[in-house]
$ cat target-v9.cif   # mmCIF, C-alpha atoms
data_run
loop_
_atom_site.label_atom_id
_atom_site.label_comp_id
_atom_site.auth_asym_id
_atom_site.auth_seq_id
_atom_site.Cartn_x
_atom_site.Cartn_y
_atom_site.Cartn_z
CA MET S 78 -23.79 26.07 10.33
CA GLY S 79 -23.33 29.84 10.26
CA SER S 80 -20.49 31.18 8.14
CA THR S 81 -17.84 33.57 9.44
CA ARG S 82 -17.87 35.17 5.98
CA ALA S 83 -20.51 37.76 6.80
CA SER S 84 -18.64 39.23 9.76
CA ARG S 85 -15.49 39.62 7.66
CA ALA S 86 -17.32 41.27 4.78
CA ALA S 87 -19.10 43.61 7.21
CA GLY S 88 -15.79 45.33 7.70
CA ALA S 89 -13.91 44.75 10.92
CA ALA S 90 -11.09 47.30 10.86
CA ALA S 91 -7.59 45.96 10.30
CA PRO S 92 -5.17 46.55 13.17
CA ALA S 93 -2.51 49.24 12.84
CA GLY S 94 0.19 46.60 12.50
CA PRO S 95 0.53 42.83 12.71
CA VAL S 96 0.95 41.18 16.09
CA ALA S 97 2.96 37.97 16.24
CA GLY S 98 0.70 34.95 15.90
CA THR S 99 -2.41 37.01 15.08
CA PRO S 100 -3.89 36.95 11.56
CA VAL S 101 -4.88 40.25 10.03
CA VAL S 102 -8.62 40.78 9.42
CA SER S 103 -9.77 43.02 6.57
CA ALA S 104 -12.98 44.42 5.11
CA GLU S 105 -12.41 42.49 1.89
CA SER S 106 -15.46 41.58 -0.20
CA LEU S 107 -16.23 37.93 -0.83
CA LEU S 108 -15.42 38.37 -4.53
CA GLY S 109 -12.11 40.04 -3.72
CA LEU S 110 -11.32 37.36 -1.17
CA LYS S 111 -12.09 34.61 -3.66
CA ARG S 112 -9.83 36.18 -6.29
CA ARG S 113 -6.98 36.65 -3.82
CA ALA S 114 -7.38 33.12 -2.45
CA ARG S 115 -7.17 31.62 -5.92
CA ARG S 116 -4.11 33.74 -6.70
CA ILE S 117 -2.45 32.30 -3.61
CA ASN S 118 -3.35 28.79 -4.74
CA ARG S 119 -1.82 29.41 -8.16
CA ALA S 120 1.37 30.75 -6.60
CA LEU S 121 1.60 27.73 -4.27
CA ALA S 122 1.05 25.43 -7.27
CA GLU S 123 4.00 27.08 -9.00
CA LYS S 124 6.14 26.80 -5.86
CA TYR S 125 5.20 23.20 -5.04
CA PRO S 126 4.41 21.37 -8.30
CA TYR S 127 5.54 18.24 -6.47
CA ALA S 128 3.08 18.60 -3.55
CA HIS S 129 1.59 15.26 -2.53
CA ALA S 130 0.30 13.26 0.41
CA GLU S 131 3.28 12.82 2.73
CA LEU S 132 1.95 9.64 4.32
CA ASP S 133 3.18 6.57 2.45
CA PHE S 134 0.46 4.12 1.35
CA ARG S 135 -0.43 1.60 -1.34
CA ASN S 136 -4.19 1.30 -0.87
CA PRO S 137 -7.12 2.91 1.02
CA PHE S 138 -6.63 0.65 4.05
CA GLU S 139 -3.00 1.66 4.49
CA LEU S 140 -3.80 5.35 4.12
CA LEU S 141 -6.67 5.11 6.61
CA VAL S 142 -4.46 3.44 9.22
CA ALA S 143 -1.54 5.80 8.58
CA THR S 144 -3.77 8.85 8.95
CA VAL S 145 -5.18 7.60 12.25
CA LEU S 146 -1.61 7.04 13.46
CA SER S 147 -0.53 10.53 12.35
CA ALA S 148 -2.48 12.28 15.13
CA GLN S 149 -0.12 14.12 17.49
CA THR S 150 3.00 12.98 15.64
CA THR S 151 4.86 13.56 12.38
CA ASP S 152 4.31 11.89 9.02
CA VAL S 153 7.98 10.92 9.05
CA THR S 154 7.49 8.93 12.26
CA VAL S 155 4.40 7.20 10.87
CA ASN S 156 6.20 6.33 7.64
CA GLN S 157 8.98 4.72 9.64
CA ILE S 158 6.71 2.28 11.45
CA THR S 159 4.00 1.46 8.89
CA PRO S 160 6.13 -0.90 6.74
CA LEU S 161 6.48 -3.29 9.69
CA LEU S 162 2.87 -2.80 10.73
CA PHE S 163 1.51 -3.63 7.27
CA ALA S 164 3.92 -6.52 6.83
CA ARG S 165 2.38 -8.08 9.95
CA PHE S 166 -1.21 -6.96 9.31
CA PRO S 167 -1.75 -6.27 5.59
CA ASP S 168 -5.54 -5.93 5.63
CA PRO S 169 -8.48 -5.12 7.94
CA ALA S 170 -9.18 -8.81 8.68
CA SER S 171 -5.69 -9.55 9.97
CA MET S 172 -5.49 -6.32 11.98
CA ALA S 173 -8.92 -6.89 13.52
CA GLU S 174 -7.64 -10.17 14.96
CA ALA S 175 -4.25 -8.80 16.04
CA ASP S 176 -2.90 -9.10 19.56
CA PRO S 177 -3.22 -5.55 20.95
CA ALA S 178 0.17 -5.84 22.67
CA VAL S 179 1.87 -6.55 19.34
CA VAL S 180 0.24 -3.55 17.65
CA GLU S 181 1.07 -1.32 20.61
CA GLU S 182 4.73 -2.28 20.45
CA ILE S 183 4.95 -1.50 16.73
CA ILE S 184 3.15 1.86 16.84
CA LYS S 185 4.58 3.04 20.17
CA PRO S 186 6.84 5.69 18.55
CA THR S 187 3.75 7.56 17.28
CA GLY S 188 2.53 8.33 20.81
CA PHE S 189 -0.87 7.65 22.40
CA PHE S 190 -0.28 4.10 21.21
CA ARG S 191 -2.82 2.41 23.51
CA ALA S 192 -5.71 4.60 22.38
CA LYS S 193 -4.60 4.34 18.75
CA THR S 194 -4.42 0.55 19.02
CA ARG S 195 -7.95 0.39 20.44
CA ASN S 196 -9.20 2.58 17.61
CA LEU S 197 -7.39 0.62 14.91
CA LEU S 198 -8.64 -2.76 16.08
CA ALA S 199 -12.20 -1.46 16.50
CA LEU S 200 -12.02 0.31 13.14
CA CYS S 201 -10.84 -2.83 11.38
CA THR S 202 -13.51 -4.93 13.05
CA ARG S 203 -16.17 -2.52 11.79
CA VAL S 204 -14.74 -2.56 8.26
CA VAL S 205 -14.76 -6.37 8.26
CA ASP S 206 -18.21 -6.78 9.80
CA GLU S 207 -20.06 -3.95 8.04
CA TYR S 208 -18.16 -3.36 4.79
CA ASN S 209 -16.94 -6.87 3.90
CA GLY S 210 -13.35 -5.93 4.66
CA VAL S 211 -13.29 -3.04 2.17
CA VAL S 212 -12.67 0.53 3.33
CA PRO S 213 -15.79 2.53 2.43
CA GLY S 214 -15.45 5.36 -0.07
CA ARG S 215 -18.08 7.70 1.37
CA LEU S 216 -17.47 10.42 3.95
CA GLU S 217 -20.68 9.61 5.82
CA ASP S 218 -19.45 6.04 6.33
CA LEU S 219 -15.83 6.84 7.13
CA VAL S 220 -16.63 9.32 9.90
CA THR S 221 -18.55 6.63 11.81
CA LEU S 222 -15.40 4.51 12.19
CA PRO S 223 -13.49 4.68 15.51
CA GLY S 224 -10.74 7.30 15.45
CA VAL S 225 -11.89 8.76 12.12
CA GLY S 226 -13.07 12.37 11.83
CA ARG S 227 -13.63 14.61 8.82
CA LYS S 228 -9.92 15.35 8.43
CA THR S 229 -8.99 11.67 8.21
CA ALA S 230 -11.97 10.94 5.98
CA ASN S 231 -11.06 13.73 3.55
CA VAL S 232 -7.44 12.54 3.42
CA VAL S 233 -8.58 9.04 2.46
CA LEU S 234 -11.24 10.20 0.00
CA GLY S 235 -9.00 12.71 -1.74
CA ASN S 236 -5.87 10.59 -2.01
CA ALA S 237 -7.10 6.99 -2.19
CA PHE S 238 -10.45 7.43 -3.94
CA GLY S 239 -9.96 10.62 -5.97
CA ILE S 240 -12.93 12.33 -4.30
CA PRO S 241 -12.11 16.02 -3.63
CA GLY S 242 -11.84 17.05 0.00
CA ILE S 243 -10.30 19.79 2.14
CA THR S 244 -8.02 18.44 4.84
CA VAL S 245 -7.94 20.77 7.83
CA ASP S 246 -4.96 19.83 9.95
CA THR S 247 -3.00 22.17 12.24
CA HIS S 248 -0.99 23.64 9.36
CA PHE S 249 -4.00 24.18 7.10
CA GLY S 250 -6.03 25.86 9.84
CA ARG S 251 -3.16 28.18 10.77
CA LEU S 252 -2.55 29.30 7.21
CA ALA S 253 -6.24 29.64 6.36
CA ARG S 254 -6.53 32.16 9.19
CA ARG S 255 -3.33 33.96 8.23
CA PHE S 256 -4.49 34.21 4.63
CA GLY S 257 -7.81 35.63 5.84
CA TRP S 258 -9.79 32.75 4.35
CA THR S 259 -11.50 32.17 7.69
CA GLN S 260 -11.51 33.52 11.22
CA SER S 261 -12.59 30.25 12.79
CA GLU S 262 -10.62 27.87 14.99
CA ASP S 263 -13.13 25.08 14.36
CA PRO S 264 -11.90 22.59 11.72
CA VAL S 265 -15.35 21.95 10.29
CA GLN S 266 -16.12 25.66 9.96
CA ILE S 267 -12.71 26.23 8.37
CA GLU S 268 -13.48 23.49 5.86
CA TYR S 269 -16.79 25.11 4.96
CA ASP S 270 -15.34 28.63 4.76
CA VAL S 271 -12.47 27.59 2.49
CA ALA S 272 -14.76 25.45 0.33
CA GLU S 273 -16.65 28.64 -0.60
CA LEU S 274 -13.52 30.09 -2.16
CA PHE S 275 -12.37 27.32 -4.49
CA GLU S 276 -13.69 24.99 -7.14
CA LYS S 277 -14.34 21.53 -5.74
CA ARG S 278 -11.89 19.96 -8.17
CA ASP S 279 -9.07 21.95 -6.52
CA TRP S 280 -9.75 20.96 -2.90
CA THR S 281 -7.38 18.00 -2.56
CA MET S 282 -4.36 19.63 -4.20
CA LEU S 283 -5.05 22.90 -2.39
CA SER S 284 -4.82 20.97 0.88
CA HIS S 285 -1.45 19.48 -0.10
CA ARG S 286 -0.04 22.84 -1.18
CA VAL S 287 -1.13 24.71 1.92
CA VAL S 288 0.22 21.98 4.23
CA PHE S 289 3.50 21.89 2.29
CA HIS S 290 3.78 25.67 2.68
CA GLY S 291 2.97 25.53 6.37
CA ARG S 292 5.67 22.95 7.02
CA ARG S 293 8.34 24.63 4.94
CA VAL S 294 7.79 28.40 5.07
CA CYS S 295 4.81 29.64 7.11
CA HIS S 296 5.83 28.15 10.45
CA SER S 297 3.78 28.51 13.60
CA ARG S 298 6.23 30.51 15.70
CA LYS S 299 8.47 32.19 13.17
CA PRO S 300 7.18 32.25 9.60
CA ALA S 301 9.71 33.06 6.89
CA CYS S 302 7.78 36.00 5.45
CA GLY S 303 10.79 37.34 3.56
CA ALA S 304 11.07 34.10 1.59
CA CYS S 305 7.36 33.56 1.03
CA PRO S 306 6.05 33.15 -2.54
CA VAL S 307 2.60 34.49 -1.58
CA ALA S 308 3.77 37.51 0.46
CA ASN S 309 2.16 39.93 -2.02
CA TRP S 310 -1.30 38.47 -1.36
CA CYS S 311 -1.00 37.64 2.35
CA PRO S 312 -2.67 40.06 4.80
CA SER S 313 -0.54 38.64 7.61
CA TYR S 314 2.79 39.48 5.98
CA GLY S 315 5.13 40.74 8.69
CA LEU S 316 4.18 38.25 11.39
CA GLY S 317 7.57 36.65 10.88
CA GLU S 318 11.05 37.45 9.58
CA THR S 319 10.84 39.81 6.59
CA ASP S 320 14.54 40.09 5.77
CA PRO S 321 15.04 37.79 2.75
CA THR S 322 18.46 36.54 3.85
CA LYS S 323 17.39 35.80 7.40
CA ALA S 324 14.09 34.32 6.24
CA ALA S 325 15.84 31.93 3.86
CA LYS S 326 17.65 30.39 6.82
CA LEU S 327 14.28 29.46 8.37
CA LEU S 328 13.15 27.33 5.44
CA LYS S 329 12.78 23.60 6.02
CA TYR S 330 12.88 20.28 4.17
CA GLU S 331 13.82 20.57 0.49
CA LEU S 332 13.78 24.38 0.70
CA ALA S 333 16.30 24.47 3.54
CA PRO S 334 19.80 25.78 2.82
CA GLY S 335 21.96 22.89 1.64
CA SER S 336 19.04 20.92 0.18
CA GLU S 337 19.31 22.35 -3.33
CA PRO S 338 20.01 18.95 -4.99
CA LEU S 339 16.89 17.44 -3.44
CA LEU S 340 14.76 20.40 -4.53
CA ALA S 341 16.15 20.20 -8.06
CA GLN S 342 15.32 16.50 -8.23
CA LEU S 343 11.76 17.07 -6.99
CA LEU S 344 11.21 19.82 -9.55
CA ALA S 345 12.65 17.72 -12.36
CA GLU S 346 10.69 14.56 -11.49
CA THR S 347 7.41 15.71 -9.99
CA ASP S 348 5.76 12.41 -10.91
CA ARG S 349 8.21 10.63 -8.57
CA ALA S 350 7.97 13.15 -5.73
CA ALA S 351 6.69 10.71 -3.11
CA GLU S 352 9.36 8.14 -3.98
CA ILE S 353 12.11 10.78 -3.94
CA ARG S 354 10.92 12.08 -0.57
CA MET S 355 10.89 8.56 0.87
CA GLU S 356 14.45 7.98 -0.33
CA SER S 357 15.66 11.30 1.12
CA GLN S 358 14.10 10.57 4.51
CA LYS S 359 15.81 7.19 4.66
CA ARG S 360 19.13 8.92 4.06
CA THR S 361 18.49 11.46 6.82
CA PRO S 362 20.25 10.39 10.05
#

$ encode --input "target-v9.cif" --output "structure tokens"
Amino acid sequence: MGSTRASRAAGAAAPAGPVAGTPVVSAESLLGLKRRARRINRALAEKYPYAHAELDFRNPFELLVATVLSAQTTDVTVNQITPLLFARFPDPASMAEADPAVVEEIIKPTGFFRAKTRNLLALCTRVVDEYNGVVPGRLEDLVTLPGVGRKTANVVLGNAFGIPGITVDTHFGRLARRFGWTQSEDPVQIEYDVAELFEKRDWTMLSHRVVFHGRRVCHSRKPACGACPVANWCPSYGLGETDPTKAAKLLKYELAPGSEPLLAQLLAETDRAAEIRMESQKRTP
């Protein structure tokens, strides 16, 4: 697949000023881009030392199902319904034999519940019939399962099997373009472009950090540029609010005004970040 890297390095002129929603394109060399990209990753690592997968799971099967359910909805919504789902159907065998109406009723809050139910039951049947009830740990196998694409496969591989992968969801794709790491809208091309810039060992945590940043600071419609820890290395700085005081009011989750105790706890107990997040979401009305 052809890379978008060559066209960037060839030197498309940067616009006179940023336009809302449009990433800035520069004539940056590949070496310069790689250095800047890694500087951004280091800054995000310092900002989010507690970054982690925000879907709750205990094993590869649960993460696979949760990731399929997360399409077109929030991780918070998925996390609210999966405890009941897994209590009823704890493994591929039991879910493969489930009454579709029962599964639909449980997962209805996630949206597109009929299509998701069909995919889950078909997926579980395949896992039982072809993989002896064990979720496969290879990308080439995972992407053949119903409802599973490269994004879902990389989530499962990176977080349940420890195999590095770049997860290109909506947030990751948006920020990769804003950072100038890619010009593509295609998730697979974005994955390949970004993979050129980082060591393979960093791919999974990079994905978490970028998604965390996209959800908390670099929003789709109004990014909080004035409160951004990577503003010095972002070619799209200025797409959003640059005033630090106003930008701080746009921050979300543990960075939002009034959430200082939660942030302090996450920073103090990074090894318990997922548990702390789960507890905080349960307390949220």

$ closest_residue --input "target-v9.cif" --among "S:Glu105, S:Glu276, S:Asp133, S:Glu181" --to "S:Arg354" --atoms "only C-alpha atoms"
S:Asp133

$ closest_residue --input "target-v9.cif" --among "S:His290, S:Arg349, S:His285, S:Arg203" --to "S:Pro241" --atoms "all atoms listed in the file"
S:His285

$ resolve_selection --input "target-v9.cif" --expression "the PyMOL selection byres ((chain S and resi 218-232) around 9)" --output "MDAnalysis selection string"
chainID S and resid 130 140:141 144:145 192:193 195:201 203:204 212:217 233:237 240:246 264:265 281

$ atom_distance --input "target-v9.cif" --atom1 "atom CA of S:Val155" --atom2 "atom CA of S:Cys305"
28.3 Å

$ atom_distance --input "target-v9.cif" --atom1 "atom CA of S:Arg298" --atom2 "atom CA of S:Pro321"
17.3 Å

$ resolve_selection --input "target-v9.cif" --expression "the PyMOL selection byres ((chain S and resi 156) around 10)" --output "list of chain:residue names"
S:Glu131, S:Leu132, S:Asp133, S:Phe134, S:Ala143, S:Leu146, S:Ser147, S:Thr151, S:Asp152, S:Val153, S:Thr154, S:Val155, S:Gln157, S:Ile158, S:Thr159, S:Pro160, S:Leu161, S:Met355, S:Gln358

$ atom_distance --input "target-v9.cif" --atom1 "atom CA of S:Pro186" --atom2 "atom CA of S:Leu343"
28.4 Å

$ closest_residue --input "target-v9.cif" --among "S:Ser261, S:Arg191, S:Glu139, S:Ile184" --to "S:Pro169" --atoms "all atoms listed in the file"
S:Glu139

$ resolve_selection --input "target-v9.cif" --expression "the PyMOL selection byres ((chain S and resi 249) around 9)" --output "number ranges by chain"
S: 244-248, 250-254, 284-285, 287-288, 291

$ residues_around --input "target-v9.cif" --residues "S:Val180" --least-positions-apart "4" --cutoff "9 Å" --atoms "all atoms listed in the file" --output "VMD selection string"
chain S and resid 162 172 175 to 176 184 to 185 190 to 191 194

$ residues_around --input "target-v9.cif" --residues "S:Ile353" --least-positions-apart "3" --cutoff "12 Å" --atoms "only C-alpha atoms" --output "list of chain:residue names"
S:Tyr127, S:Ala128, S:His129, S:Glu131, S:Asp133, S:Glu331, S:Pro338, S:Leu339, S:Leu340, S:Ala341, S:Gln342, S:Leu343, S:Leu344, S:Ala345, S:Glu346, S:Thr347, S:Asp348, S:Arg349, S:Ala350, S:Glu356, S:Ser357, S:Gln358, S:Lys359, S:Arg360

$ closest_residue --input "target-v9.cif" --among "S:Ala164, S:Gly210, S:Leu274, S:Cys311" --to "S:Arg255" --atoms "only C-alpha atoms"
S:Cys311

$ residues_around --input "target-v9.cif" --residues "S:Lys323" --least-positions-apart "2" --cutoff "10 Å" --atoms "all atoms listed in the file" --output "list of chain:residue names"
S:Ala301, S:Cys302, S:Gly303, S:Ala304, S:Glu318, S:Thr319, S:Asp320, S:Pro321, S:Ala325, S:Lys326, S:Leu327, S:Leu328

$ axis_aligned_box --input "target-v9.cif" --around "stretch 272-290 of chain S" --padding-each-side "5 Å" --output "AutoDock Vina command-line options"
--center_x -6.4 --center_y 24.0 --center_z -2.0 --size_x 30.4 --size_y 22.1 --size_z 22.4

$ residues_near_point --input "target-v9.cif" --point "(2.3, 36.2, -3.2)" --cutoff "12 Å" --atoms "all atoms listed in the file" --output "PDB file with C-alpha atoms, in the coordinates of the input"
ATOM      1  CA  ARG S 113      -6.980  36.650  -3.820  1.00  0.00           C
ATOM      2  CA  ALA S 114      -7.380  33.120  -2.450  1.00  0.00           C
ATOM      3  CA  ARG S 115      -7.170  31.620  -5.920  1.00  0.00           C
ATOM      4  CA  ARG S 116      -4.110  33.740  -6.700  1.00  0.00           C
ATOM      5  CA  ILE S 117      -2.450  32.300  -3.610  1.00  0.00           C
ATOM      6  CA  ASN S 118      -3.350  28.790  -4.740  1.00  0.00           C
ATOM      7  CA  ARG S 119      -1.820  29.410  -8.160  1.00  0.00           C
ATOM      8  CA  ALA S 120       1.370  30.750  -6.600  1.00  0.00           C
ATOM      9  CA  LEU S 121       1.600  27.730  -4.270  1.00  0.00           C
ATOM     10  CA  ALA S 122       1.050  25.430  -7.270  1.00  0.00           C
ATOM     11  CA  GLU S 123       4.000  27.080  -9.000  1.00  0.00           C
ATOM     12  CA  LYS S 124       6.140  26.800  -5.860  1.00  0.00           C
ATOM     13  CA  PHE S 256      -4.490  34.210   4.630  1.00  0.00           C
ATOM     14  CA  CYS S 302       7.780  36.000   5.450  1.00  0.00           C
ATOM     15  CA  GLY S 303      10.790  37.340   3.560  1.00  0.00           C
ATOM     16  CA  ALA S 304      11.070  34.100   1.590  1.00  0.00           C
ATOM     17  CA  CYS S 305       7.360  33.560   1.030  1.00  0.00           C
ATOM     18  CA  PRO S 306       6.050  33.150  -2.540  1.00  0.00           C
ATOM     19  CA  VAL S 307       2.600  34.490  -1.580  1.00  0.00           C
ATOM     20  CA  ALA S 308       3.770  37.510   0.460  1.00  0.00           C
ATOM     21  CA  ASN S 309       2.160  39.930  -2.020  1.00  0.00           C
ATOM     22  CA  TRP S 310      -1.300  38.470  -1.360  1.00  0.00           C
ATOM     23  CA  CYS S 311      -1.000  37.640   2.350  1.00  0.00           C
ATOM     24  CA  PRO S 312      -2.670  40.060   4.800  1.00  0.00           C
ATOM     25  CA  SER S 313      -0.540  38.640   7.610  1.00  0.00           C
ATOM     26  CA  TYR S 314       2.790  39.480   5.980  1.00  0.00           C
TER      27      TYR S 314
END

$ closest_residue --input "target-v9.cif" --among "S:Val142, S:Cys295, S:Ala351, S:Leu107" --to "S:Gly315" --atoms "only C-alpha atoms"
S:Cys295
